[in-house]
Structures are given as C-alpha cells and as structure tokens.
Amino acid sequence: MSDCLFCKIARGEIPANVAYEDDEMLAFHDINPVSPLHVLLIPKKHIASLLDLSRDDEALAGRMLARAGELARRLGYGQNGARFVFNAGRDGGQTVGHLHLHILGGRAHGWPPG
Ligand code: AMP
Ligand code: ZN
C-alpha cells in the first residue's frame with residue numbers, strides 16, 4: 001500500500017535499522033523500544049493485521065514465526081527467552097496498520113500485559 005508506513009520501510013523509502021531481511025519479510029529495530037531488544041518482523045506484503053490474515057497467507061505466517069525464533073536465538077535471547085507479540089486492532093493496541101510481530105528481549109516481561 002502506497003501510504004502505509006511499514007510498506008514504505010519494506011520498500012526502503014523510509015530508513016530503518018534492519019536486523020534481518022529476505023524476499024518476503026523484514027525485521028527492523030523499533031524506533032521507540034520498550035525493551036533492550038525490540039525488533040519488529042513484518043511481511044513485505046501488505047497485510048493489515050493478524051485479524052486480516054487469510055488462509056493464502058498461512059505458509060508465510062508460519063515462516064515468520066520460524067524466522068522470529070531464529071532471529072531471537074541469533075541475537076542471543078535463546079537462553080533467557082523473549083516475548084513475541086502481535087497487537088491487532090483497537091483493543092489489541094495496534095497503532096500501525098501493517099502486520100508486525102514484536103520481538104522483545106533483555107528483561108523479564110510480566111503477565112498479564114497492560
Ligand atoms: P503497534 O502499536 O503494535 O502497532 O506497534 C507499532 C510499533 O511501530 C511501535 O512500537 C512503534 O514504536 C513502531 N514504529 C513506528 N514508526 C516506526 C518507524 N518509523 N521505525 C521503526 N519503528 C516504528
Ligand atoms: Zn503496509
């Protein structure tokens with residue numbers, strides 16, 4: 001989508017601190033980190049949220065989860081663990097309308113979330 005912030009990042013039109021990239025997804029450091037590690041993993045394809053994920057996208061979604069775990073391990077969080085979060089829609093606290101997986105590490109994350 002032409003006016004979507006994360007589509008612009010995926011196209012390289014807005015700079016980001018990239019942690020991982022392949023043909024179909026991109027991970028970059030959050031501009032406003034809430035944890036020592038705060039990376040966002042997005043599909044390059046515009047999908048508005050997890051609530052908009054179709055069956056056609058389920059293989060992509062599975063690869064995103066696998067890459068997220070690999071990335072967290074590669075960045076050194078395999079031992080202590082990490083928090084993986086999809087916010088979706090208004091009540092989910094989503095502020096950017098392009099599917100993204102938050103990967104948070106480097107501190108203990110409480111439950112329930114706020
Ligand atoms: P959410 O609230 O789940 O929609 O998360 C959106 C995230 O995108 C927030 O954590 C923001 O800090 C982050 N964010 C917004 N703009 C940028 C940007 N230009 N580069 C990196 N992260 C961003
Ligand atoms: Zn988008």
# chains A, B, ... in the order shown; residues from 1 in each chain; ligands from 1
call {"tool": "select_by_dssp", "arguments": {"residues": "segment 68-110 of chain A", "states": "strand (DSSP E)", "output": "JSON, numbers by chain"}}
result
{"A": [83, 84, 85, 101, 102, 103, 104, 105]}
call {"tool": "write_last_selection", "arguments": {"atoms": "C-alpha atoms", "output": "short mmCIF file (atom, residue, chain, number, x, y, z; two decimals), in the first residue's frame"}}
result
data_model
loop_
_atom_site.label_atom_id
_atom_site.label_comp_id
_atom_site.auth_asym_id
_atom_site.auth_seq_id
_atom_site.Cartn_x
_atom_site.Cartn_y
_atom_site.Cartn_z
CA ARG A 83 8.26 -12.06 24.34
CA PHE A 84 6.63 -12.35 20.88
CA VAL A 85 3.57 -10.12 20.43
CA LEU A 101 5.44 -9.21 15.26
CA HIS A 102 7.12 -7.51 18.22
CA ILE A 103 10.18 -9.43 19.43
CA LEU A 104 11.08 -8.22 22.93
CA GLY A 105 14.03 -9.36 24.99
#
call {"tool": "closest_atom_pairs", "arguments": {"of": "chain A", "to": "ligand 2", "cutoff": "9 Å", "atoms": "only C-alpha atoms and all ligand atoms", "output": "tab-separated table"}}
result
residue	atom	partner	partner_atom_place_in_ligand_line	distance
A:Met1	CA	ligand 2	1 (Zn)	5.3
A:Ser2	CA	ligand 2	1 (Zn)	7.7
A:Asp3	CA	ligand 2	1 (Zn)	7.7
A:Cys4	CA	ligand 2	1 (Zn)	4.5
A:Leu5	CA	ligand 2	1 (Zn)	6.4
A:Phe6	CA	ligand 2	1 (Zn)	5.0
A:Cys7	CA	ligand 2	1 (Zn)	3.9
A:Lys8	CA	ligand 2	1 (Zn)	7.3
A:Ile9	CA	ligand 2	1 (Zn)	8.8
A:Ala10	CA	ligand 2	1 (Zn)	8.2
A:Ile42	CA	ligand 2	1 (Zn)	9.0
A:Pro43	CA	ligand 2	1 (Zn)	8.6
A:Lys44	CA	ligand 2	1 (Zn)	7.6
A:Lys45	CA	ligand 2	1 (Zn)	6.9
A:His46	CA	ligand 2	1 (Zn)	4.1
A:Ile47	CA	ligand 2	1 (Zn)	6.4
A:Ala48	CA	ligand 2	1 (Zn)	6.7
A:Val96	CA	ligand 2	1 (Zn)	8.6
A:Gly97	CA	ligand 2	1 (Zn)	6.8
A:His98	CA	ligand 2	1 (Zn)	4.6
A:Leu99	CA	ligand 2	1 (Zn)	7.6
call {"tool": "residues_near_ligand", "arguments": {"ligand": "ligand 1", "cutoff": "10 Å", "atoms": "only C-alpha atoms and all ligand atoms", "output": "PyMOL selection string"}}
result
chain A and resi 5-6+8-9+14-18+27-34+38-40+49+85-90+92-102
call {"tool": "write_last_selection", "arguments": {"atoms": "N, CA, C and O atoms", "output": "short mmCIF file (atom, residue, chain, number, x, y, z; two decimals), in the first residue's frame"}}
result
data_model
loop_
_atom_site.label_atom_id
_atom_site.label_comp_id
_atom_site.auth_asym_id
_atom_site.auth_seq_id
_atom_site.Cartn_x
_atom_site.Cartn_y
_atom_site.Cartn_z
N LEU A 5 3.08 3.09 6.38
CA LEU A 5 4.43 3.32 6.93
C LEU A 5 5.33 2.10 6.76
O LEU A 5 6.49 2.21 6.32
N PHE A 6 4.84 0.92 7.13
CA PHE A 6 5.71 -0.25 7.09
C PHE A 6 5.93 -0.74 5.66
O PHE A 6 6.98 -1.33 5.36
N LYS A 8 6.38 1.36 3.28
CA LYS A 8 7.45 2.28 2.87
C LYS A 8 8.80 1.81 3.42
O LYS A 8 9.82 1.87 2.71
N ILE A 9 8.82 1.32 4.65
CA ILE A 9 10.06 0.77 5.20
C ILE A 9 10.47 -0.47 4.40
O ILE A 9 11.64 -0.62 4.05
N ILE A 14 11.70 4.64 3.63
CA ILE A 14 11.93 5.22 4.95
C ILE A 14 13.02 4.38 5.59
O ILE A 14 12.93 3.14 5.56
N PRO A 15 14.07 5.01 6.13
CA PRO A 15 15.17 4.22 6.68
C PRO A 15 14.77 3.46 7.94
O PRO A 15 13.89 3.89 8.69
N ALA A 16 15.41 2.32 8.13
CA ALA A 16 15.19 1.52 9.33
C ALA A 16 16.49 0.80 9.64
O ALA A 16 17.33 0.60 8.75
N ASN A 17 16.64 0.44 10.90
CA ASN A 17 17.81 -0.31 11.35
C ASN A 17 17.48 -1.80 11.20
O ASN A 17 16.86 -2.40 12.06
N VAL A 18 17.88 -2.35 10.07
CA VAL A 18 17.44 -3.70 9.67
C VAL A 18 18.22 -4.77 10.41
O VAL A 18 19.45 -4.73 10.48
N ALA A 27 12.95 -7.53 9.23
CA ALA A 27 12.93 -7.23 10.66
C ALA A 27 13.78 -5.99 10.89
O ALA A 27 14.87 -5.86 10.33
N PHE A 28 13.26 -5.07 11.70
CA PHE A 28 14.00 -3.84 11.98
C PHE A 28 13.75 -3.43 13.42
O PHE A 28 12.73 -3.79 14.03
N HIS A 29 14.69 -2.66 13.96
CA HIS A 29 14.58 -2.24 15.36
C HIS A 29 13.51 -1.17 15.51
O HIS A 29 13.44 -0.24 14.69
N ASP A 30 12.69 -1.34 16.55
CA ASP A 30 11.62 -0.39 16.81
C ASP A 30 12.21 0.99 17.13
O ASP A 30 13.20 1.10 17.86
N ILE A 31 11.57 2.03 16.62
CA ILE A 31 12.06 3.40 16.81
C ILE A 31 11.89 3.85 18.25
O ILE A 31 12.57 4.77 18.71
N ASN A 32 10.99 3.21 18.98
CA ASN A 32 10.70 3.59 20.37
C ASN A 32 10.71 2.32 21.23
O ASN A 32 9.66 1.86 21.69
N PRO A 33 11.91 1.76 21.47
CA PRO A 33 11.98 0.44 22.10
C PRO A 33 11.44 0.45 23.53
O PRO A 33 11.67 1.39 24.28
N VAL A 34 10.72 -0.61 23.88
CA VAL A 34 10.20 -0.76 25.24
C VAL A 34 10.98 -1.82 26.02
O VAL A 34 10.69 -2.07 27.19
N HIS A 38 14.06 -4.79 20.93
CA HIS A 38 12.70 -4.56 20.44
C HIS A 38 12.77 -4.48 18.92
O HIS A 38 13.11 -3.44 18.35
N VAL A 39 12.51 -5.61 18.30
CA VAL A 39 12.55 -5.74 16.85
C VAL A 39 11.14 -6.01 16.35
O VAL A 39 10.34 -6.68 17.02
N LEU A 40 10.82 -5.46 15.19
CA LEU A 40 9.54 -5.71 14.54
C LEU A 40 9.80 -6.55 13.30
O LEU A 40 10.64 -6.19 12.46
N SER A 49 -3.44 -6.72 9.56
CA SER A 49 -3.24 -7.20 10.93
C SER A 49 -3.43 -8.72 10.95
O SER A 49 -3.84 -9.32 9.94
N VAL A 85 4.90 -10.73 20.30
CA VAL A 85 3.57 -10.12 20.43
C VAL A 85 3.04 -9.63 19.08
O VAL A 85 3.73 -8.89 18.37
N PHE A 86 1.79 -10.02 18.78
CA PHE A 86 1.03 -9.39 17.69
C PHE A 86 -0.07 -8.54 18.32
O PHE A 86 -1.00 -9.11 18.94
N ASN A 87 -0.02 -7.24 18.21
CA ASN A 87 -1.16 -6.41 18.56
C ASN A 87 -2.07 -6.35 17.34
O ASN A 87 -1.59 -6.20 16.21
N ALA A 88 -3.37 -6.46 17.54
CA ALA A 88 -4.29 -6.45 16.40
C ALA A 88 -5.52 -5.61 16.74
O ALA A 88 -6.20 -5.87 17.74
N GLY A 89 -5.75 -4.60 15.92
CA GLY A 89 -6.95 -3.78 16.07
C GLY A 89 -6.90 -2.85 17.27
O GLY A 89 -5.90 -2.77 17.99
N ARG A 90 -8.00 -2.14 17.47
CA ARG A 90 -8.05 -1.11 18.50
C ARG A 90 -7.79 -1.67 19.89
O ARG A 90 -6.91 -1.20 20.61
N GLY A 92 -6.48 -4.39 20.71
CA GLY A 92 -5.17 -5.03 20.78
C GLY A 92 -4.03 -4.04 20.92
O GLY A 92 -2.88 -4.44 21.12
N GLY A 93 -4.34 -2.75 20.78
CA GLY A 93 -3.31 -1.73 20.93
C GLY A 93 -2.48 -1.51 19.68
O GLY A 93 -1.39 -0.96 19.74
N GLN A 94 -3.01 -1.93 18.51
CA GLN A 94 -2.26 -1.76 17.27
C GLN A 94 -2.31 -0.30 16.81
O GLN A 94 -3.39 0.28 16.74
N THR A 95 -1.14 0.27 16.51
CA THR A 95 -1.09 1.66 16.05
C THR A 95 -0.63 1.78 14.61
O THR A 95 -0.85 2.82 13.99
N VAL A 96 0.02 0.77 14.08
CA VAL A 96 0.44 0.79 12.67
C VAL A 96 -0.29 -0.36 11.96
O VAL A 96 -0.18 -1.52 12.37
N GLY A 97 -1.04 -0.02 10.91
CA GLY A 97 -1.94 -0.98 10.26
C GLY A 97 -1.26 -1.85 9.23
O GLY A 97 -1.72 -1.96 8.08
N HIS A 98 -0.15 -2.45 9.60
CA HIS A 98 0.56 -3.42 8.75
C HIS A 98 1.07 -4.48 9.71
O HIS A 98 1.79 -4.15 10.68
N LEU A 99 0.70 -5.73 9.47
CA LEU A 99 1.05 -6.84 10.36
C LEU A 99 2.51 -6.76 10.82
O LEU A 99 3.41 -6.59 10.00
N HIS A 100 2.71 -6.86 12.12
CA HIS A 100 4.08 -6.87 12.64
C HIS A 100 4.12 -7.68 13.92
O HIS A 100 3.21 -7.63 14.74
N LEU A 101 5.20 -8.41 14.06
CA LEU A 101 5.44 -9.21 15.26
C LEU A 101 6.51 -8.50 16.09
O LEU A 101 7.64 -8.30 15.62
N HIS A 102 6.13 -8.09 17.31
CA HIS A 102 7.12 -7.51 18.22
C HIS A 102 7.95 -8.64 18.81
O HIS A 102 7.41 -9.63 19.33
#
call {"tool": "select_by_dssp", "arguments": {"residues": "chain A", "states": "helix (DSSP H, G or I)", "output": "PyMOL selection string"}}
result
chain A and resi 5-10+50-52+55-74+89-92
call {"tool": "write_last_selection", "arguments": {"atoms": "N, CA, C and O atoms", "output": "CSV table (one decimal), in the first residue's frame"}}
result
chain,number,residue,atom,x,y,z
A,5,LEU,N,3.1,3.1,6.4
A,5,LEU,CA,4.4,3.3,6.9
A,5,LEU,C,5.3,2.1,6.8
A,5,LEU,O,6.5,2.2,6.3
A,6,PHE,N,4.8,0.9,7.1
A,6,PHE,CA,5.7,-0.2,7.1
A,6,PHE,C,5.9,-0.7,5.7
A,6,PHE,O,7.0,-1.3,5.4
A,7,CYS,N,5.0,-0.5,4.8
A,7,CYS,CA,5.2,-0.8,3.3
A,7,CYS,C,6.4,0.1,2.8
A,7,CYS,O,7.2,-0.3,2.1
A,8,LYS,N,6.4,1.4,3.3
A,8,LYS,CA,7.5,2.3,2.9
A,8,LYS,C,8.8,1.8,3.4
A,8,LYS,O,9.8,1.9,2.7
A,9,ILE,N,8.8,1.3,4.7
A,9,ILE,CA,10.1,0.8,5.2
A,9,ILE,C,10.5,-0.5,4.4
A,9,ILE,O,11.6,-0.6,4.0
A,10,ALA,N,9.5,-1.3,4.1
A,10,ALA,CA,9.8,-2.6,3.3
A,10,ALA,C,10.4,-2.2,1.9
A,10,ALA,O,11.2,-2.9,1.4
A,50,LEU,N,-3.2,-9.3,12.1
A,50,LEU,CA,-3.5,-10.7,12.2
A,50,LEU,C,-4.9,-11.1,12.0
A,50,LEU,O,-5.2,-12.1,11.5
A,51,LEU,N,-5.8,-10.1,12.2
A,51,LEU,CA,-7.2,-10.3,12.0
A,51,LEU,C,-7.6,-10.3,10.5
A,51,LEU,O,-8.7,-10.7,10.1
A,52,ASP,N,-6.6,-9.9,9.7
A,52,ASP,CA,-6.8,-9.9,8.2
A,52,ASP,C,-6.0,-10.9,7.5
A,52,ASP,O,-6.0,-11.0,6.3
A,55,ARG,N,-6.1,-17.5,4.6
A,55,ARG,CA,-5.5,-18.9,4.5
A,55,ARG,C,-4.4,-18.9,3.5
A,55,ARG,O,-3.5,-19.6,3.6
A,56,ASP,N,-4.5,-18.0,2.5
A,56,ASP,CA,-3.4,-17.9,1.5
A,56,ASP,C,-2.1,-17.5,2.1
A,56,ASP,O,-1.1,-17.7,1.5
A,57,ASP,N,-2.2,-16.8,3.3
A,57,ASP,CA,-1.0,-16.3,3.9
A,57,ASP,C,-0.5,-17.2,5.0
A,57,ASP,O,0.5,-16.8,5.7
A,58,GLU,N,-1.1,-18.3,5.2
A,58,GLU,CA,-0.7,-19.1,6.4
A,58,GLU,C,0.7,-19.7,6.3
A,58,GLU,O,1.4,-19.8,7.3
A,59,ALA,N,1.1,-20.0,5.1
A,59,ALA,CA,2.5,-20.5,5.0
A,59,ALA,C,3.5,-19.4,5.3
A,59,ALA,O,4.5,-19.6,6.0
A,60,LEU,N,3.2,-18.2,4.8
A,60,LEU,CA,4.1,-17.1,5.1
A,60,LEU,C,4.1,-16.8,6.6
A,60,LEU,O,5.2,-16.5,7.2
A,61,ALA,N,2.9,-16.9,7.2
A,61,ALA,CA,2.8,-16.6,8.7
A,61,ALA,C,3.7,-17.6,9.4
A,61,ALA,O,4.4,-17.3,10.4
A,62,GLY,N,3.6,-18.9,9.0
A,62,GLY,CA,4.4,-19.9,9.6
A,62,GLY,C,5.9,-19.7,9.5
A,62,GLY,O,6.7,-19.8,10.4
A,63,ARG,N,6.3,-19.2,8.3
A,63,ARG,CA,7.7,-18.9,8.1
A,63,ARG,C,8.1,-17.7,9.0
A,63,ARG,O,9.2,-17.6,9.5
A,64,MET,N,7.2,-16.7,9.1
A,64,MET,CA,7.5,-15.6,10.0
A,64,MET,C,7.8,-16.1,11.4
A,64,MET,O,8.7,-15.6,12.1
A,65,LEU,N,7.0,-17.0,11.9
A,65,LEU,CA,7.2,-17.4,13.3
A,65,LEU,C,8.5,-18.1,13.4
A,65,LEU,O,9.3,-18.0,14.4
A,66,ALA,N,8.8,-19.0,12.4
A,66,ALA,CA,10.1,-19.7,12.5
A,66,ALA,C,11.3,-18.7,12.4
A,66,ALA,O,12.3,-18.9,13.2
A,67,ARG,N,11.2,-17.7,11.5
A,67,ARG,CA,12.3,-16.7,11.4
A,67,ARG,C,12.4,-15.9,12.7
A,67,ARG,O,13.5,-15.5,13.2
A,68,ALA,N,11.3,-15.6,13.4
A,68,ALA,CA,11.3,-14.8,14.6
A,68,ALA,C,12.1,-15.6,15.7
A,68,ALA,O,12.9,-15.0,16.4
A,69,GLY,N,11.8,-16.9,15.8
A,69,GLY,CA,12.5,-17.7,16.8
A,69,GLY,C,14.0,-17.7,16.5
A,69,GLY,O,14.9,-17.5,17.4
A,70,GLU,N,14.3,-17.9,15.2
A,70,GLU,CA,15.7,-18.0,14.8
A,70,GLU,C,16.4,-16.7,15.1
A,70,GLU,O,17.6,-16.6,15.6
A,71,LEU,N,15.8,-15.6,14.8
A,71,LEU,CA,16.3,-14.2,15.0
A,71,LEU,C,16.6,-14.0,16.5
A,71,LEU,O,17.7,-13.5,16.8
A,72,ALA,N,15.6,-14.3,17.3
A,72,ALA,CA,15.8,-14.1,18.7
A,72,ALA,C,17.0,-15.0,19.2
A,72,ALA,O,17.8,-14.5,20.0
A,73,ARG,N,17.1,-16.2,18.8
A,73,ARG,CA,18.2,-17.0,19.2
A,73,ARG,C,19.5,-16.4,18.7
A,73,ARG,O,20.5,-16.3,19.4
A,74,ARG,N,19.5,-16.0,17.4
A,74,ARG,CA,20.8,-15.4,16.8
A,74,ARG,C,21.2,-14.2,17.6
A,74,ARG,O,22.4,-13.9,17.7
A,89,GLY,N,-5.8,-4.6,15.9
A,89,GLY,CA,-6.9,-3.8,16.1
A,89,GLY,C,-6.9,-2.9,17.3
A,89,GLY,O,-5.9,-2.8,18.0
A,90,ARG,N,-8.0,-2.1,17.5
A,90,ARG,CA,-8.0,-1.1,18.5
A,90,ARG,C,-7.8,-1.7,19.9
A,90,ARG,O,-6.9,-1.2,20.6
A,91,ASP,N,-8.5,-2.7,20.3
A,91,ASP,CA,-8.4,-3.2,21.6
A,91,ASP,C,-7.1,-4.0,21.8
A,91,ASP,O,-6.6,-4.1,22.9
A,92,GLY,N,-6.5,-4.4,20.7
A,92,GLY,CA,-5.2,-5.0,20.8
A,92,GLY,C,-4.0,-4.0,20.9
A,92,GLY,O,-2.9,-4.4,21.1
call {"tool": "closest_residue", "arguments": {"among": "A:Leu75, A:Leu53, A:Met25, A:Ala108", "to": "Leu41 of chain A", "atoms": "only C-alpha atoms"}}
result
A:Met25
